[in-house]
$ cat input05.cif   # mmCIF, C-alpha atoms
data_work
loop_
_atom_site.label_atom_id
_atom_site.label_comp_id
_atom_site.auth_asym_id
_atom_site.auth_seq_id
_atom_site.Cartn_x
_atom_site.Cartn_y
_atom_site.Cartn_z
CA MET S 25 0.00 0.00 0.00
CA LYS S 26 1.09 3.54 -0.70
CA ILE S 27 -1.03 6.62 -0.07
CA VAL S 28 -0.40 10.36 0.08
CA CYS S 29 -2.64 12.81 1.95
CA LYS S 30 -2.52 16.18 3.63
CA LYS S 31 -1.64 16.18 7.31
CA SER S 32 -4.84 18.05 8.22
CA ASN S 33 -7.02 15.43 6.51
CA LEU S 34 -5.19 12.51 8.08
CA LEU S 35 -5.07 14.06 11.55
CA ASN S 36 -8.78 14.88 11.56
CA GLY S 37 -9.56 11.35 10.41
CA VAL S 38 -7.43 9.49 12.95
CA GLN S 39 -8.64 11.70 15.80
CA ASN S 40 -12.27 11.03 14.87
CA VAL S 41 -11.99 7.26 14.66
CA SER S 42 -9.73 7.07 17.73
CA LYS S 43 -12.86 7.63 19.87
CA ALA S 44 -13.68 3.96 19.19
CA VAL S 45 -10.26 2.56 20.12
CA PRO S 46 -10.70 0.58 23.38
CA VAL S 47 -8.72 1.66 26.44
CA ARG S 48 -8.29 -1.95 27.54
CA THR S 49 -8.81 -5.07 25.44
CA THR S 50 -7.57 -8.62 25.18
CA MET S 51 -7.59 -8.29 21.37
CA SER S 52 -4.46 -6.35 20.45
CA ILE S 53 -5.67 -5.78 16.89
CA LEU S 54 -8.44 -3.55 18.27
CA GLU S 55 -5.79 -1.22 19.69
CA CYS S 56 -5.06 -0.32 16.08
CA ILE S 57 -6.56 2.01 13.49
CA LEU S 58 -7.17 0.32 10.17
CA VAL S 59 -5.97 2.25 7.13
CA ASP S 60 -7.78 0.69 4.16
CA ALA S 61 -7.00 1.87 0.63
CA SER S 62 -8.05 -1.34 -1.10
CA GLN S 63 -11.40 -0.18 -2.49
CA GLY S 64 -10.53 3.04 -4.30
CA GLU S 65 -10.85 5.32 -1.26
CA ILE S 66 -8.85 5.93 1.91
CA LYS S 67 -10.93 4.70 4.82
CA LEU S 68 -9.91 4.82 8.50
CA THR S 69 -11.64 2.49 10.97
CA ALA S 70 -11.62 1.83 14.72
CA ASN S 71 -13.85 -0.63 16.53
CA ASP S 72 -14.14 -1.71 20.18
CA MET S 73 -17.01 -4.14 19.44
CA GLU S 74 -19.56 -1.86 21.14
CA ILE S 75 -19.00 1.25 19.02
CA GLY S 76 -17.27 1.48 15.67
CA ILE S 77 -16.30 4.58 13.68
CA GLU S 78 -15.11 4.82 10.10
CA THR S 79 -14.33 7.90 8.06
CA ILE S 80 -13.18 8.51 4.50
CA ILE S 81 -10.42 11.07 3.94
CA ASP S 82 -9.16 12.78 0.81
CA GLY S 83 -5.84 11.63 -0.58
CA THR S 84 -4.10 9.83 -3.42
CA ILE S 85 -3.80 6.04 -3.63
CA GLU S 86 -0.60 5.16 -5.45
CA GLN S 87 -0.79 1.49 -4.52
CA PRO S 88 -3.89 -0.14 -2.99
CA GLY S 89 -3.74 -2.11 0.23
CA LYS S 90 -4.48 -1.93 3.94
CA ILE S 91 -2.62 -1.92 7.23
CA ALA S 92 -3.51 -1.82 10.95
CA LEU S 93 -1.37 0.61 12.96
CA GLU S 94 -1.21 0.91 16.76
CA ALA S 95 -3.50 3.86 17.39
CA LYS S 96 -1.69 5.71 20.16
CA ILE S 97 1.70 6.02 18.43
CA PHE S 98 0.12 6.55 15.00
CA ILE S 99 -1.89 9.54 16.23
CA GLU S 100 1.08 11.08 18.05
CA ILE S 101 3.28 10.75 14.95
CA VAL S 102 0.68 12.41 12.73
CA LYS S 103 0.18 15.22 15.27
CA LYS S 104 3.88 16.10 15.36
CA LEU S 105 4.71 15.84 11.68
CA PRO S 106 5.09 19.07 9.65
CA ASP S 107 2.00 20.59 8.06
CA ASN S 108 2.54 19.07 4.64
CA ASP S 109 1.74 15.96 2.60
CA ILE S 110 2.24 12.67 4.43
CA THR S 111 3.15 9.45 2.61
CA ILE S 112 2.28 6.09 4.17
CA GLU S 113 3.81 3.05 2.49
CA THR S 114 3.87 -0.62 3.53
CA ASP S 115 5.82 -3.67 2.43
CA GLU S 116 4.87 -7.35 2.28
CA LYS S 117 5.94 -7.86 5.92
CA ASN S 118 3.60 -5.09 7.19
CA MET S 119 6.48 -2.73 7.90
CA THR S 120 5.05 0.77 7.53
CA TYR S 121 7.01 3.83 6.42
CA ILE S 122 5.57 7.26 7.28
CA LYS S 123 7.27 10.19 5.59
CA CYS S 124 6.71 13.94 5.68
CA GLU S 125 9.29 16.43 4.44
CA ASN S 126 12.55 15.35 6.15
CA SER S 127 10.86 13.20 8.83
CA ASN S 128 10.76 9.41 8.48
CA PHE S 129 9.14 6.88 10.80
CA ASN S 130 9.21 3.11 10.49
CA LEU S 131 6.39 1.29 12.31
CA VAL S 132 5.62 -2.39 12.65
CA GLY S 133 2.04 -2.78 11.45
CA LYS S 134 -0.42 -5.67 11.54
CA SER S 135 -2.22 -7.30 8.67
CA GLY S 136 -5.36 -5.39 7.74
CA ASP S 137 -7.02 -8.71 6.95
CA ASP S 138 -7.00 -9.53 10.67
CA TYR S 139 -8.96 -6.42 11.60
CA THR S 140 -12.57 -6.71 12.79
CA TYR S 141 -14.68 -4.59 10.47
CA LEU S 142 -17.86 -2.80 11.46
CA PRO S 143 -21.00 -4.95 11.26
CA LYS S 144 -22.84 -4.80 7.96
CA ILE S 145 -26.09 -2.94 8.54
CA GLU S 146 -29.09 -3.07 6.25
CA LYS S 147 -29.83 0.63 5.89
CA ILE S 148 -33.60 0.75 5.45
CA ASP S 149 -35.27 2.22 8.55
CA SER S 150 -33.98 5.75 9.16
CA ILE S 151 -34.69 9.30 10.27
CA VAL S 152 -33.02 12.57 9.27
CA LEU S 153 -32.23 15.58 11.46
CA SER S 154 -29.71 18.39 11.33
CA GLN S 155 -26.23 17.95 12.78
CA PHE S 156 -26.85 20.93 15.04
CA THR S 157 -30.07 19.42 16.40
CA LEU S 158 -28.49 16.07 17.24
CA LYS S 159 -25.46 17.69 18.86
CA GLU S 160 -27.73 19.91 20.98
CA ILE S 161 -30.00 17.03 22.02
CA ILE S 162 -26.99 15.09 23.27
CA ARG S 163 -25.58 18.13 25.11
CA GLN S 164 -28.91 18.81 26.78
CA THR S 165 -29.44 15.27 28.10
CA ILE S 166 -26.18 13.30 28.37
CA PHE S 167 -25.31 14.62 31.84
CA SER S 168 -28.26 12.72 33.30
CA ILE S 169 -27.23 9.20 32.29
CA GLY S 170 -26.09 6.72 34.91
CA ALA S 171 -22.68 5.08 35.18
CA ALA S 172 -21.97 2.17 32.83
CA GLU S 173 -20.82 0.08 35.77
CA GLY S 174 -24.01 0.79 37.73
CA SER S 175 -26.53 -1.82 38.83
CA ASN S 176 -29.00 -0.93 36.06
CA LYS S 177 -27.27 -0.96 32.68
CA LEU S 178 -30.20 0.77 30.96
CA MET S 179 -29.38 3.96 32.86
CA ALA S 180 -26.11 4.08 30.92
CA GLY S 181 -28.11 4.75 27.76
CA GLU S 182 -30.62 7.24 26.43
CA LEU S 183 -34.08 6.45 25.15
CA PHE S 184 -34.70 7.60 21.57
CA GLU S 185 -38.46 7.55 21.01
CA ILE S 186 -39.90 8.50 17.64
CA LYS S 187 -43.57 9.23 17.06
CA ASP S 188 -44.74 10.94 13.88
CA ASP S 189 -42.47 13.98 13.44
CA VAL S 190 -41.29 14.21 17.07
CA LEU S 191 -38.09 12.75 18.50
CA LYS S 192 -38.06 12.45 22.29
CA VAL S 193 -34.77 11.72 24.05
CA VAL S 194 -34.68 10.70 27.72
CA ALA S 195 -31.81 10.17 30.17
CA LEU S 196 -31.94 9.35 33.88
CA ASP S 197 -29.61 8.21 36.66
CA GLY S 198 -31.93 7.61 39.61
CA HIS S 199 -31.59 11.15 40.98
CA ARG S 200 -32.71 13.20 37.97
CA ILE S 201 -34.34 12.94 34.56
CA ALA S 202 -33.65 14.93 31.40
CA VAL S 203 -36.22 14.99 28.58
CA ARG S 204 -35.87 16.80 25.27
CA LYS S 205 -38.34 16.84 22.39
CA VAL S 206 -37.58 18.09 18.89
CA LYS S 207 -39.73 18.39 15.81
CA MET S 208 -38.25 16.77 12.71
CA LYS S 209 -38.73 17.71 9.08
CA ASN S 210 -40.70 14.55 8.28
CA ALA S 211 -43.00 12.07 10.02
CA TYR S 212 -41.82 8.53 10.74
CA GLY S 213 -43.17 5.29 12.16
CA GLU S 214 -43.11 4.73 15.91
CA LYS S 215 -39.86 3.44 17.33
CA LYS S 216 -38.11 3.09 20.71
CA VAL S 217 -34.43 2.24 21.13
CA ILE S 218 -31.88 2.65 23.93
CA VAL S 219 -28.61 4.16 22.68
CA PRO S 220 -25.45 3.74 24.78
CA GLY S 221 -24.32 6.99 26.38
CA LYS S 222 -20.73 6.22 25.42
CA ALA S 223 -21.64 6.26 21.72
CA LEU S 224 -23.57 9.53 22.06
CA ASN S 225 -20.67 11.13 23.93
CA GLU S 226 -18.23 10.24 21.17
CA ILE S 227 -20.61 11.34 18.43
CA SER S 228 -21.05 14.74 20.07
CA LYS S 229 -17.26 15.19 20.05
CA ILE S 230 -16.81 14.54 16.32
CA LEU S 231 -20.11 15.90 14.99
CA PRO S 232 -19.45 19.31 13.39
CA GLY S 233 -22.90 20.59 14.36
CA ASP S 234 -23.71 22.43 11.13
CA THR S 235 -27.25 23.74 10.92
CA ASP S 236 -27.42 23.22 7.15
CA LYS S 237 -26.07 19.63 7.11
CA ASP S 238 -27.96 16.54 8.13
CA VAL S 239 -27.34 13.32 10.01
CA GLU S 240 -29.09 10.19 8.80
CA VAL S 241 -29.81 7.74 11.60
CA PHE S 242 -30.51 4.09 10.73
CA PHE S 243 -32.07 1.51 13.05
CA THR S 244 -31.96 -2.27 13.23
CA ASP S 245 -32.94 -4.65 16.02
CA LYS S 246 -29.42 -4.59 17.47
CA HIS S 247 -27.64 -1.51 16.11
CA ILE S 248 -27.98 2.19 15.46
CA VAL S 249 -25.98 3.91 12.71
CA PHE S 250 -25.19 7.63 12.41
CA GLU S 251 -24.00 8.88 9.02
CA PHE S 252 -22.76 12.44 8.55
CA ASN S 253 -20.34 13.97 6.08
CA THR S 254 -17.89 11.12 5.31
CA THR S 255 -18.15 9.51 8.76
CA THR S 256 -20.17 6.51 9.94
CA VAL S 257 -20.69 5.55 13.58
CA VAL S 258 -22.19 2.15 14.45
CA ALA S 259 -23.25 1.35 18.01
CA ARG S 260 -24.79 -1.72 19.60
CA LEU S 261 -28.13 -0.88 21.20
CA LEU S 262 -28.82 -1.66 24.85
CA GLU S 263 -31.37 -4.43 25.27
CA GLY S 264 -34.30 -4.23 27.66
CA GLU S 265 -37.47 -2.30 28.44
CA TYR S 266 -36.78 1.34 29.32
CA PHE S 267 -38.32 2.94 32.38
CA ASN S 268 -41.88 4.26 32.25
CA ILE S 269 -41.04 7.94 32.25
CA ASN S 270 -44.68 9.04 32.20
CA GLN S 271 -45.15 7.55 35.68
CA MET S 272 -42.16 9.49 36.97
CA LEU S 273 -43.08 12.90 35.58
CA SER S 274 -45.92 14.79 37.22
CA SER S 275 -47.77 17.95 36.23
CA ASP S 276 -48.97 18.59 39.80
CA TYR S 277 -47.44 21.43 41.78
CA GLU S 278 -48.12 23.53 44.86
CA THR S 279 -45.47 26.17 44.20
CA LYS S 280 -44.26 27.72 40.94
CA MET S 281 -41.48 30.22 40.64
CA LYS S 282 -40.39 32.15 37.60
CA ILE S 283 -36.72 33.10 37.82
CA ASN S 284 -33.81 34.40 35.77
CA LYS S 285 -31.78 31.33 34.80
CA ASN S 286 -28.39 33.04 34.81
CA SER S 287 -29.02 34.64 38.19
CA LEU S 288 -29.96 31.28 39.68
CA PHE S 289 -26.97 29.52 38.10
CA SER S 290 -24.51 32.16 39.29
CA CYS S 291 -25.91 32.05 42.80
CA ILE S 292 -25.55 28.26 43.02
CA ASP S 293 -22.08 28.50 41.51
CA ARG S 294 -21.02 30.93 44.23
CA ALA S 295 -22.49 28.68 46.91
CA THR S 296 -20.46 25.70 45.73
CA LEU S 297 -17.27 27.55 46.65
CA LEU S 298 -17.99 26.39 50.20
CA ALA S 299 -18.39 22.72 49.28
CA SER S 300 -15.14 20.86 49.82
CA GLU S 301 -14.12 18.22 47.30
CA GLY S 302 -15.82 14.89 47.91
CA ASN S 303 -18.11 16.39 50.53
CA SER S 304 -21.02 17.87 48.61
CA LYS S 305 -23.40 20.01 50.61
CA PRO S 306 -26.94 20.90 49.52
CA VAL S 307 -28.10 24.35 48.58
CA ILE S 308 -31.19 25.30 50.56
CA MET S 309 -33.87 27.37 48.82
CA GLN S 310 -36.33 29.32 50.95
CA ILE S 311 -39.04 30.36 48.49
CA GLU S 312 -41.26 33.25 49.55
CA GLU S 313 -43.40 35.91 47.92
CA GLY S 314 -41.26 37.85 45.45
CA LYS S 315 -37.92 36.40 46.54
CA MET S 316 -35.88 33.27 47.09
CA LEU S 317 -33.23 33.08 49.79
CA MET S 318 -30.46 30.59 49.05
CA ASN S 319 -28.26 29.22 51.83
CA MET S 320 -25.19 26.99 51.95
CA ASN S 321 -23.56 25.79 55.15
CA SER S 322 -20.39 23.73 55.36
CA ALA S 323 -17.35 23.18 57.56
CA ILE S 324 -15.61 25.96 55.63
CA GLY S 325 -18.28 28.57 56.23
CA SER S 326 -21.70 29.69 55.09
CA MET S 327 -23.33 31.94 52.50
CA SER S 328 -26.74 33.39 51.81
CA GLU S 329 -28.09 35.30 48.84
CA THR S 330 -31.48 36.64 47.82
CA ILE S 331 -32.83 36.48 44.25
CA ASP S 332 -35.98 38.16 42.95
CA ILE S 333 -38.64 35.74 41.68
CA GLU S 334 -42.28 35.61 40.66
CA LYS S 335 -44.04 33.07 42.86
CA THR S 336 -47.46 31.50 42.74
CA GLY S 337 -48.65 29.07 45.39
CA LYS S 338 -47.24 28.17 48.78
CA ASP S 339 -44.00 29.20 50.47
CA LEU S 340 -41.50 26.38 50.53
CA VAL S 341 -38.07 25.39 51.87
CA ILE S 342 -36.25 22.72 49.87
CA GLY S 343 -32.67 21.46 49.38
CA PHE S 344 -30.86 20.19 46.29
CA ASN S 345 -27.56 18.78 45.16
CA PRO S 346 -26.10 21.91 43.53
CA LYS S 347 -24.42 20.02 40.69
CA PHE S 348 -27.68 18.47 39.56
CA LEU S 349 -29.37 21.86 39.36
CA MET S 350 -26.42 23.46 37.56
CA ASP S 351 -26.27 20.66 34.98
CA ALA S 352 -29.91 21.21 34.11
CA LEU S 353 -29.58 24.99 33.99
CA LYS S 354 -26.58 24.79 31.64
CA ALA S 355 -28.69 22.76 29.22
CA ILE S 356 -31.45 25.40 29.00
CA ASP S 357 -31.20 28.31 26.60
CA ASP S 358 -34.18 30.30 27.92
CA GLU S 359 -33.44 33.46 29.90
CA ILE S 360 -36.43 33.08 32.22
CA ILE S 361 -37.37 29.62 33.46
CA ASP S 362 -40.31 28.09 35.33
CA VAL S 363 -39.65 25.83 38.32
CA TYR S 364 -42.49 23.65 39.63
CA LEU S 365 -42.48 22.18 43.16
CA VAL S 366 -44.87 20.26 45.41
CA ASN S 367 -43.16 20.01 48.81
CA SER S 368 -39.72 19.61 50.35
CA LYS S 369 -39.71 15.83 49.72
CA ALA S 370 -41.00 15.77 46.14
CA PRO S 371 -39.07 16.32 42.88
CA CYS S 372 -38.85 19.71 41.23
CA TYR S 373 -39.43 20.18 37.51
CA ILE S 374 -37.83 22.78 35.30
CA LYS S 375 -39.75 22.91 32.04
CA ASN S 376 -41.17 25.23 29.44
CA ALA S 377 -44.81 25.58 28.40
CA ASP S 378 -44.76 23.08 25.53
CA GLU S 379 -42.35 20.77 27.39
CA THR S 380 -39.74 20.63 24.65
CA TYR S 381 -37.50 20.33 27.68
CA ASN S 382 -38.32 18.91 31.10
CA TYR S 383 -35.73 18.39 33.82
CA MET S 384 -36.62 16.60 37.03
CA VAL S 385 -34.34 16.79 40.08
CA LEU S 386 -34.90 14.96 43.35
CA PRO S 387 -34.48 17.04 46.52
CA VAL S 388 -32.05 16.37 49.36
CA ASN S 389 -33.29 15.73 52.88
CA PHE S 390 -31.10 18.50 54.24
CA THR S 391 -32.29 18.09 57.82
CA THR S 392 -30.28 14.85 58.02
CA VAL S 393 -27.24 16.02 56.06
CA SER S 394 -24.18 16.58 58.27
#
$ encode --input "input05.cif" --output "structure tokens"
Amino acid sequence: MKIVCKKSNLLNGVQNVSKAVPVRTTMSILECILVDASQGEIKLTANDMEIGIETIIDGTIEQPGKIALEAKIFIEIVKKLPDNDITIETDEKNMTYIKCENSNFNLVGKSGDDYTYLPKIEKIDSIVLSQFTLKEIIRQTIFSIGAAEGSNKLMAGELFEIKDDVLKVVALDGHRIAVRKVKMKNAYGEKKVIVPGKALNEISKILPGDTDKDVEVFFTDKHIVFEFNTTTVVARLLEGEYFNINQMLSSDYETKMKINKNSLFSCIDRATLLASEGNSKPVIMQIEEGKMLMNMNSAIGSMSETIDIEKTGKDLVIGFNPKFLMDALKAIDDEIIDVYLVNSKAPCYIKNADETYNYMVLPVNFTTVS
């Protein structure tokens, strides 16, 4: 194999696919990036058997072939080469020669024939949405997923539910729920799948987010495929029945406050200065007519701050994990938000009128917090 391509094209390609290189694996071939120039195009592939990414880059194929190169050293070499054309050439023993201007590297590669390709997906059932929309949906929900090593594996994924022309995405971790709804250009058949959070995280990192370019999303019984620009991401779906979100979300409330989002965020942010690392303390909200008094007490000290609000309903005192509130607030673009509460033991909901976003956060029993 012999190919020539610009450094910028190669670097962008290897960095994109590297998101699917496993950190730890018993299969050493999966620690590599496959460079495949055997089919008339230069395709880079990485695959950890749960998520696979491939991308096509511009370049010249002087001799077709393919090689698997250890990802970590390959990426570092490409990063540090001069900003010029890079030539990659292999011999019959898989020795790989990487040249750029006066720099020459010799790497021991592995046979490309031994590499595990991405699963072949029958691309029939799909939806289309803009890159910007998908990137925003992920940003506005991903913080609420549970840990992959948690007791309930489904919490490590997000529900993608399609009904007519609406895509609803849900994430939860047992302490909070994030729901986002977006209207798509076309109507589709009903569908529910659980997409691994890891795959969505990596997609959000490599997705350009253009408003005028689309992502096509394909579904099968076991996989989901995202295609955008010259990149394809394949992920294995999580199996199981997702949680009944409708039973968890309530429209009842006894207290509603309308508040400036940035003012609330900044106030909580200041309060967290008193929370020592690994010893999170709740923020206490005392909601009264026309104002909310926020308090934080810790071993370091205490703070209090008053924020103007519009309140309807009962006065209320309630405590929250500050990080959970801040995560939700960062995901909302509205300047003024509505917060719905029932009592000091019940969840709060931050949502807009048409519920295109709905964030639920469980309160903290601050009377028992030391």
$ resolve_selection --input "input05.cif" --expression "the PyMOL selection byres ((chain S and resi 353-363) around 6)" --output "list of chain:residue names"
S:Gln164, S:Lys280, S:Met281, S:Lys282, S:Ile283, S:Asn284, S:Lys285, S:Met350, S:Asp351, S:Ala352, S:Tyr364, S:Tyr373, S:Ile374
$ resolve_selection --input "input05.cif" --expression "the PyMOL selection byres ((chain S and resi 125-132) around 9)" --output "short mmCIF file (atom, residue, chain, number, x, y, z; two decimals) with C-alpha atoms, in the coordinates of the input"
data_model
loop_
_atom_site.label_atom_id
_atom_site.label_comp_id
_atom_site.auth_asym_id
_atom_site.auth_seq_id
_atom_site.Cartn_x
_atom_site.Cartn_y
_atom_site.Cartn_z
CA LEU S 93 -1.37 0.61 12.96
CA GLU S 94 -1.21 0.91 16.76
CA PHE S 98 0.12 6.55 15.00
CA ILE S 101 3.28 10.75 14.95
CA LEU S 105 4.71 15.84 11.68
CA PRO S 106 5.09 19.07 9.65
CA ASN S 108 2.54 19.07 4.64
CA ASP S 109 1.74 15.96 2.60
CA ILE S 110 2.24 12.67 4.43
CA LYS S 117 5.94 -7.86 5.92
CA ASN S 118 3.60 -5.09 7.19
CA MET S 119 6.48 -2.73 7.90
CA THR S 120 5.05 0.77 7.53
CA TYR S 121 7.01 3.83 6.42
CA ILE S 122 5.57 7.26 7.28
CA LYS S 123 7.27 10.19 5.59
CA CYS S 124 6.71 13.94 5.68
CA GLY S 133 2.04 -2.78 11.45
CA LYS S 134 -0.42 -5.67 11.54
#
$ residues_near_point --input "input05.cif" --point "(-24.2, 9.3, 22.2)" --cutoff "12 Å" --atoms "all atoms listed in the file" --output "number ranges by chain"
S: 43, 75, 158-167, 169, 180-184, 193-195, 218-231, 248-250, 257-261
$ atom_distance --input "input05.cif" --atom1 "atom CA of Asp238 of chain S" --atom2 "atom CA of Lys144 of chain S"
21.9 Å
$ atom_distance --input "input05.cif" --atom1 "atom CA of Phe348 of chain S" --atom2 "atom CA of Glu74 of chain S"
28.6 Å
$ atom_distance --input "input05.cif" --atom1 "atom CA of Asp138 of chain S" --atom2 "atom CA of Glu251 of chain S"
25.1 Å
$ residues_around --input "input05.cif" --residues "Val38 of chain S" --least-positions-apart "2" --cutoff "10 Å" --atoms "all atoms listed in the file" --output "MDAnalysis selection string"
chainID S and resid 33:36 40:43 57:59 68:70 78:79 81 95:96 98:99 102:103
$ closest_residue --input "input05.cif" --among "S:Met309, S:Ile85, S:Thr380, S:Asn389" --to "Val190 of chain S" --atoms "only C-alpha atoms"
S:Thr380
$ axis_aligned_box --input "input05.cif" --around "segment 286-298 of chain S" --padding-each-side "8 Å" --output "AutoDock Vina command-line options"
--center_x -23.6 --center_y 30.2 --center_z 42.5 --size_x 28.7 --size_y 24.9 --size_z 31.4
$ residues_around --input "input05.cif" --residues "Leu340 of chain S" --least-positions-apart "6" --cutoff "9 Å" --atoms "all atoms listed in the file" --output "PDB file with C-alpha atoms, in the frame of the given file"
ATOM      1  CA  THR S 279     -45.470  26.170  44.200  1.00  0.00           C
ATOM      2  CA  MET S 309     -33.870  27.370  48.820  1.00  0.00           C
ATOM      3  CA  GLN S 310     -36.330  29.320  50.950  1.00  0.00           C
ATOM      4  CA  ILE S 311     -39.040  30.360  48.490  1.00  0.00           C
ATOM      5  CA  GLU S 312     -41.260  33.250  49.550  1.00  0.00           C
ATOM      6  CA  LEU S 365     -42.480  22.180  43.160  1.00  0.00           C
ATOM      7  CA  VAL S 366     -44.870  20.260  45.410  1.00  0.00           C
ATOM      8  CA  ASN S 367     -43.160  20.010  48.810  1.00  0.00           C
ATOM      9  CA  SER S 368     -39.720  19.610  50.350  1.00  0.00           C
TER      10      SER S 368
END
$ closest_residue --input "input05.cif" --among "S:Met51, S:Ala171, S:Cys29, S:Cys372" --to "Asp107 of chain S" --atoms "all atoms listed in the file"
S:Cys29
$ residues_near_point --input "input05.cif" --point "(-8.5, -5.8, 9.6)" --cutoff "8 Å" --atoms "only C-alpha atoms" --output "VMD selection string"
chain S and resid 53 58 90 to 92 135 to 141
$ closest_residue --input "input05.cif" --among "S:Thr111, S:Ser326, S:Asn376, S:Ser150" --to "Thr244 of chain S" --atoms "all atoms listed in the file"
S:Ser150
$ closest_residue --input "input05.cif" --among "S:Ile97, S:Val241, S:Ala44, S:Ala202" --to "Asn71 of chain S" --atoms "all atoms listed in the file"
S:Ala44
$ resolve_selection --input "input05.cif" --expression "the PyMOL selection byres ((chain S and resi 381) around 6)" --output "ChimeraX atom specification"
/S:203-204,375,379-380,382
$ closest_residue --input "input05.cif" --among "S:Glu173, S:Tyr212, S:Phe390, S:Ile66" --to "Asp189 of chain S" --atoms "all atoms listed in the file"
S:Tyr212
